[in-house]
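Comments concern the structure below.
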Amino acid sequence: MNAALLGLKRLAGALLGVLLLVLTLAAALWVWSGTDSSLPTLVRLAQPYLPTGQTLQTKDVQGALRSGAHIGWLRWTRGELAVEAEDITLAWAWLPLLEGQLKLSKLTVARLRVDDLRPSQEHAPPKPPSDLQLPFAVDVPFEVTSLTWTGSTTLQATDLAGNYIFDSYSHKLIKGRGRISSGIYALDGQLQAQAPMALDLQVNGVVETRLPSSQTPLSVTARARLHGALADPQAMLNLQASLIPDLGKGPSAKTVKTQAMQAHLSAQIQPWQTQALHSANAQWQALN
């Protein structure tokens with residue numbers, strides 16, 4: 001009996017020692033995660049464990065795991081696809097992580113560049129996605145001062161901002177905005193994460209241009225809506241778009257109307273077919 005009691009005491013002492021060790025390590029980790037060296041250390045340790053074919057380079061990484069960070073320069077590559085960002089600032093809260101949510105209060109990028117030099121055969125034939133689920137919910141307000149995209153298409157945009165949300169059911173972009181060339185655009189949309197993957201995307205913008213026959217400035221309102229379901233290989237998306245000039249008021253408005261840029265387009269698009277444009281109907285005038 002005494003031997004059994006002695007064994008139980010030793011077991012209890014060992015368990016208590018292990019518990020104290022775990023608590024001590026947890027406390028040390030908590031303290032360390034609040035120091036400015038915690039994030040640079042984690043980034044450095046994670047780089048060798050990236051999936052095969054991927055690389056991550058960083059410079060001037062500062063910040064704490066529990067609060068936020070500043071990264072002076074970051075470059076991620078996978079084959080001939082490269083993403084480079086400069087002057088990145090992030091701020092987040094750690095409590096939502098305990099509930100399975102990544103919640104950022106701030107994400108700003110001064111310059112973002114995407115170089116997509118993959119051969120064209122990697123872009124085709126397109127295949128419908130089957131599942132766009134993420135392992136956690138996401139809430140990220142973002143701002144990007146300058147974006148450059150090069151590859152099969154080239155895009156330059158400035159003053160991008162919005163709020164990206166994944167709520168375990170849908171991907172959403174709320175109050176998106178940006179400037180492309182002479183136009184300022186607002187964008188809202190959502191996409192289901194699982195079949196049928198319903199998509200609804202709306203774009204509104206104002207384009208500053210001039211009449212073809214003169215140097216008179218003209219504001220043109222651009223509107224577009226794309227909606228449908230993406231999961232089916234035979235998916236059909238409906239597109240409606242228009243360009244409508246803001247003619248103002250006055251005796252010359254009627255004359256300007258006959259010269260002004262305007263267009264109306266309706267189309268059906270099959271994104272997973274070789275010939276994506278299924279049908280289209282358009283009316284326009286004074287387009288350059």
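Chain labels A, B, ... are given in the sequence in which chains occur in the structure tokens; within each chain residues are numbered consecutively from 1, and ligands are likewise numbered from 1 in the order shown.
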
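Those residues that approach Lys103 in chain A to within 8 Å, counting only C-alpha atoms, are A:Trp92, A:Ala93, A:Pro96, A:Leu97, A:Val138, A:Asp139, A:Val140; same-chain residues fewer than 5 positions away are not listed.
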
Writer output for current selection, N, CA and C atoms, as a compact mmCIF listing (two decimals), in the first residue's frame:
```
# COMPACT_ATOMS: atom_id res chain seq x y z
N TRP A 92 -2.53 43.68 -36.79
CA TRP A 92 -3.56 42.68 -36.58
C TRP A 92 -3.83 42.48 -35.10
N ALA A 93 -4.91 41.77 -34.82
CA ALA A 93 -5.27 41.41 -33.46
C ALA A 93 -5.12 39.89 -33.32
N PRO A 96 -8.76 37.18 -32.34
CA PRO A 96 -9.59 36.47 -33.33
C PRO A 96 -8.97 35.18 -33.84
N LEU A 97 -7.64 35.04 -33.75
CA LEU A 97 -7.01 33.79 -34.19
C LEU A 97 -7.50 32.60 -33.38
N VAL A 138 -11.34 35.39 -42.95
CA VAL A 138 -10.38 36.46 -43.22
C VAL A 138 -11.13 37.79 -43.28
N ASP A 139 -10.51 38.82 -42.70
CA ASP A 139 -11.05 40.18 -42.79
C ASP A 139 -9.86 41.12 -42.93
N VAL A 140 -9.64 41.65 -44.14
CA VAL A 140 -8.43 42.43 -44.41
C VAL A 140 -8.77 43.72 -45.16
```

Please report as a tab-separated table every residue of range 145-239 of chain A lying within 7 Å of range 258-279 of chain A, along with the nearest atom pair and their distance in Å (one decimal), using only C-alpha atoms.
```
residue	atom	partner	partner_atom	distance
A:Leu211	CA	A:Ala260	CA	6.1
A:Pro233	CA	A:Trp272	CA	6.0
A:Gln234	CA	A:Gln270	CA	6.7
A:Ala235	CA	A:Gln270	CA	5.7
A:Met236	CA	A:Gln270	CA	4.8
A:Leu237	CA	A:Ile269	CA	5.0
A:Asn238	CA	A:Gln268	CA	4.8
A:Leu239	CA	A:Ala267	CA	5.1
```

Now that the selection is made, can you save its residues with N, CA and C atoms as a CSV table (one decimal), in the first residue's frame?
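Now in again.csv:
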```csv
chain,number,residue,atom,x,y,z
A,211,LEU,N,-13.9,65.1,-76.4
A,211,LEU,CA,-14.7,64.9,-77.6
A,211,LEU,C,-13.7,64.7,-78.7
A,233,PRO,N,-18.2,23.3,-66.1
A,233,PRO,CA,-17.4,23.4,-67.3
A,233,PRO,C,-18.1,24.2,-68.4
A,234,GLN,N,-19.4,24.1,-68.4
A,234,GLN,CA,-20.2,24.8,-69.4
A,234,GLN,C,-20.8,26.2,-68.8
A,235,ALA,N,-20.1,26.7,-67.8
A,235,ALA,CA,-20.6,27.9,-67.2
A,235,ALA,C,-20.8,29.0,-68.2
A,236,MET,N,-21.9,29.8,-68.0
A,236,MET,CA,-22.2,31.0,-68.8
A,236,MET,C,-22.3,32.2,-67.9
A,237,LEU,N,-21.5,33.2,-68.2
A,237,LEU,CA,-21.6,34.4,-67.4
A,237,LEU,C,-22.2,35.5,-68.2
A,238,ASN,N,-23.0,36.3,-67.6
A,238,ASN,CA,-23.7,37.4,-68.3
A,238,ASN,C,-23.0,38.7,-67.9
A,239,LEU,N,-22.8,39.5,-69.0
A,239,LEU,CA,-22.1,40.8,-68.8
A,239,LEU,C,-23.0,41.9,-69.4
```

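Using only C-alpha atoms, the nearest neighbour of Ala241 in chain A within the list A:Ala193, A:Leu104, A:Ala224, A:Leu199 is A:Ala224.
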
Original post:
Of the candidates A:Ala85, A:Leu102, A:Leu187, A:Val207, which one gets nearest to Ser168 in chain A if we count only C-alpha atoms?
Top reply: A:Leu102

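For Ile71 in chain A, the residues within 9 Å (counting only C-alpha atoms, excluding itself and residues fewer than 6 positions away along the chain) are A:Thr58, A:Lys59, A:Asp60, A:Val61, A:Gln62, A:Gly63, A:Ala85, A:Glu86, A:Asp87, A:Ile88, A:Thr89, A:Leu90.
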
**OP:** Step one, run DSSP on the backbone; step two, keep only residues of range 83-225 of chain A assigned to strand (DSSP E); then write them as a ChimeraX atom specification.
**Re:** /A:83-92,101-116,137-150,155-166,170-180,183-192,198-210,217-225

Pick out each residue of range 45-284 of chain A that DSSP on the backbone tags as helix (DSSP H, G or I); I need them as a compact mmCIF listing (two decimals) with N, CA, C and O atoms, in the first residue's frame.
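The resulting selection.txt:
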```
# COMPACT_ATOMS: atom_id res chain seq x y z
N LEU A 45 13.08 31.68 -40.08
CA LEU A 45 12.98 30.24 -39.85
C LEU A 45 12.04 29.56 -40.85
O LEU A 45 12.22 28.38 -41.17
N ALA A 46 11.03 30.32 -41.35
CA ALA A 46 10.04 29.71 -42.24
C ALA A 46 10.52 29.57 -43.67
O ALA A 46 10.03 28.71 -44.41
N GLN A 47 11.48 30.39 -44.08
CA GLN A 47 11.89 30.40 -45.48
C GLN A 47 12.35 29.04 -46.01
O GLN A 47 11.96 28.65 -47.12
N PRO A 48 13.13 28.25 -45.27
CA PRO A 48 13.55 26.95 -45.82
C PRO A 48 12.41 25.93 -45.95
O PRO A 48 12.59 24.90 -46.59
N TYR A 49 11.26 26.20 -45.34
CA TYR A 49 10.17 25.23 -45.34
C TYR A 49 9.07 25.56 -46.36
O TYR A 49 7.99 24.97 -46.32
N LEU A 95 -6.41 37.92 -30.74
CA LEU A 95 -7.56 37.22 -30.15
C LEU A 95 -8.45 36.54 -31.18
O LEU A 95 -8.90 35.40 -30.96
N PRO A 96 -8.76 37.18 -32.34
CA PRO A 96 -9.59 36.47 -33.33
C PRO A 96 -8.97 35.18 -33.84
O PRO A 96 -9.69 34.29 -34.31
N LEU A 97 -7.64 35.04 -33.75
CA LEU A 97 -7.01 33.79 -34.19
C LEU A 97 -7.50 32.60 -33.38
O LEU A 97 -7.58 31.48 -33.90
N LEU A 98 -7.83 32.84 -32.12
CA LEU A 98 -8.34 31.76 -31.27
C LEU A 98 -9.70 31.28 -31.74
O LEU A 98 -10.12 30.16 -31.41
N GLU A 99 -10.40 32.10 -32.52
CA GLU A 99 -11.71 31.74 -33.06
C GLU A 99 -11.63 31.35 -34.53
O GLU A 99 -12.64 31.27 -35.23
N SER A 120 2.52 30.54 -72.29
CA SER A 120 1.08 30.64 -72.51
C SER A 120 0.36 29.32 -72.26
O SER A 120 -0.79 29.30 -71.85
N GLN A 121 1.04 28.18 -72.47
CA GLN A 121 0.38 26.89 -72.26
C GLN A 121 0.01 26.66 -70.81
O GLN A 121 -0.84 25.83 -70.50
N GLU A 122 0.66 27.41 -69.87
CA GLU A 122 0.29 27.26 -68.48
C GLU A 122 -1.02 27.98 -68.15
O GLU A 122 -1.60 27.78 -67.11
N ALA A 253 -26.03 71.19 -74.66
CA ALA A 253 -25.99 69.78 -74.25
C ALA A 253 -26.51 68.86 -75.34
O ALA A 253 -25.97 67.78 -75.57
N LYS A 254 -27.55 69.29 -76.07
CA LYS A 254 -28.11 68.45 -77.13
C LYS A 254 -27.11 68.26 -78.25
O LYS A 254 -26.96 67.16 -78.80
N THR A 255 -26.37 69.33 -78.58
CA THR A 255 -25.36 69.23 -79.64
C THR A 255 -24.23 68.32 -79.22
O THR A 255 -23.76 67.47 -79.98
N VAL A 256 -23.80 68.46 -77.96
CA VAL A 256 -22.70 67.64 -77.46
C VAL A 256 -23.09 66.17 -77.44
O VAL A 256 -22.29 65.28 -77.72
N LYS A 257 -24.38 65.92 -77.14
CA LYS A 257 -24.85 64.53 -77.04
C LYS A 257 -24.64 63.77 -78.34
O LYS A 257 -24.33 62.59 -78.35
N THR A 258 -24.80 64.46 -79.48
CA THR A 258 -24.65 63.78 -80.76
C THR A 258 -23.20 63.45 -81.07
O THR A 258 -22.92 62.65 -81.96
N GLN A 259 -22.24 64.08 -80.35
CA GLN A 259 -20.83 63.86 -80.62
C GLN A 259 -20.15 63.01 -79.55
O GLN A 259 -19.04 62.52 -79.76
```

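When only C-alpha atoms are used to compute distances to Leu147 in chain A, the closest of the residues A:Ala161, A:Leu56, A:Val220, A:Ala282 turns out to be A:Ala161.
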
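From CA of Gly53 in chain A back to CA of Gly68 in chain A, the distance works out to 28.2 Å.
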
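Taking CA of Gly79 in chain A and CA of Thr52 in chain A as endpoints, the distance between them is 10.2 Å.
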
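When only C-alpha atoms are used to compute distances to Gln133 in chain A, the closest of the residues A:Trp76, A:Gln194, A:Val114, A:Thr108 turns out to be A:Gln194.
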
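The gap separating CA of Glu143 in chain A from CA of Gly183 in chain A is 17.8 Å, in Å to one decimal.
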
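Distance annotation: of A:Gly176, A:Pro245, A:Pro141, A:Pro128, the residue with the minimal separation from Asp232 in chain A is A:Pro128; atom set is only C-alpha atoms.
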
**OP:** May I ask which of the residues A:Arg118, A:Lys106, A:Arg111, A:Lys175 is the closest one to Leu81 in chain A, counting only C-alpha atoms?
**Re:** A:Arg118
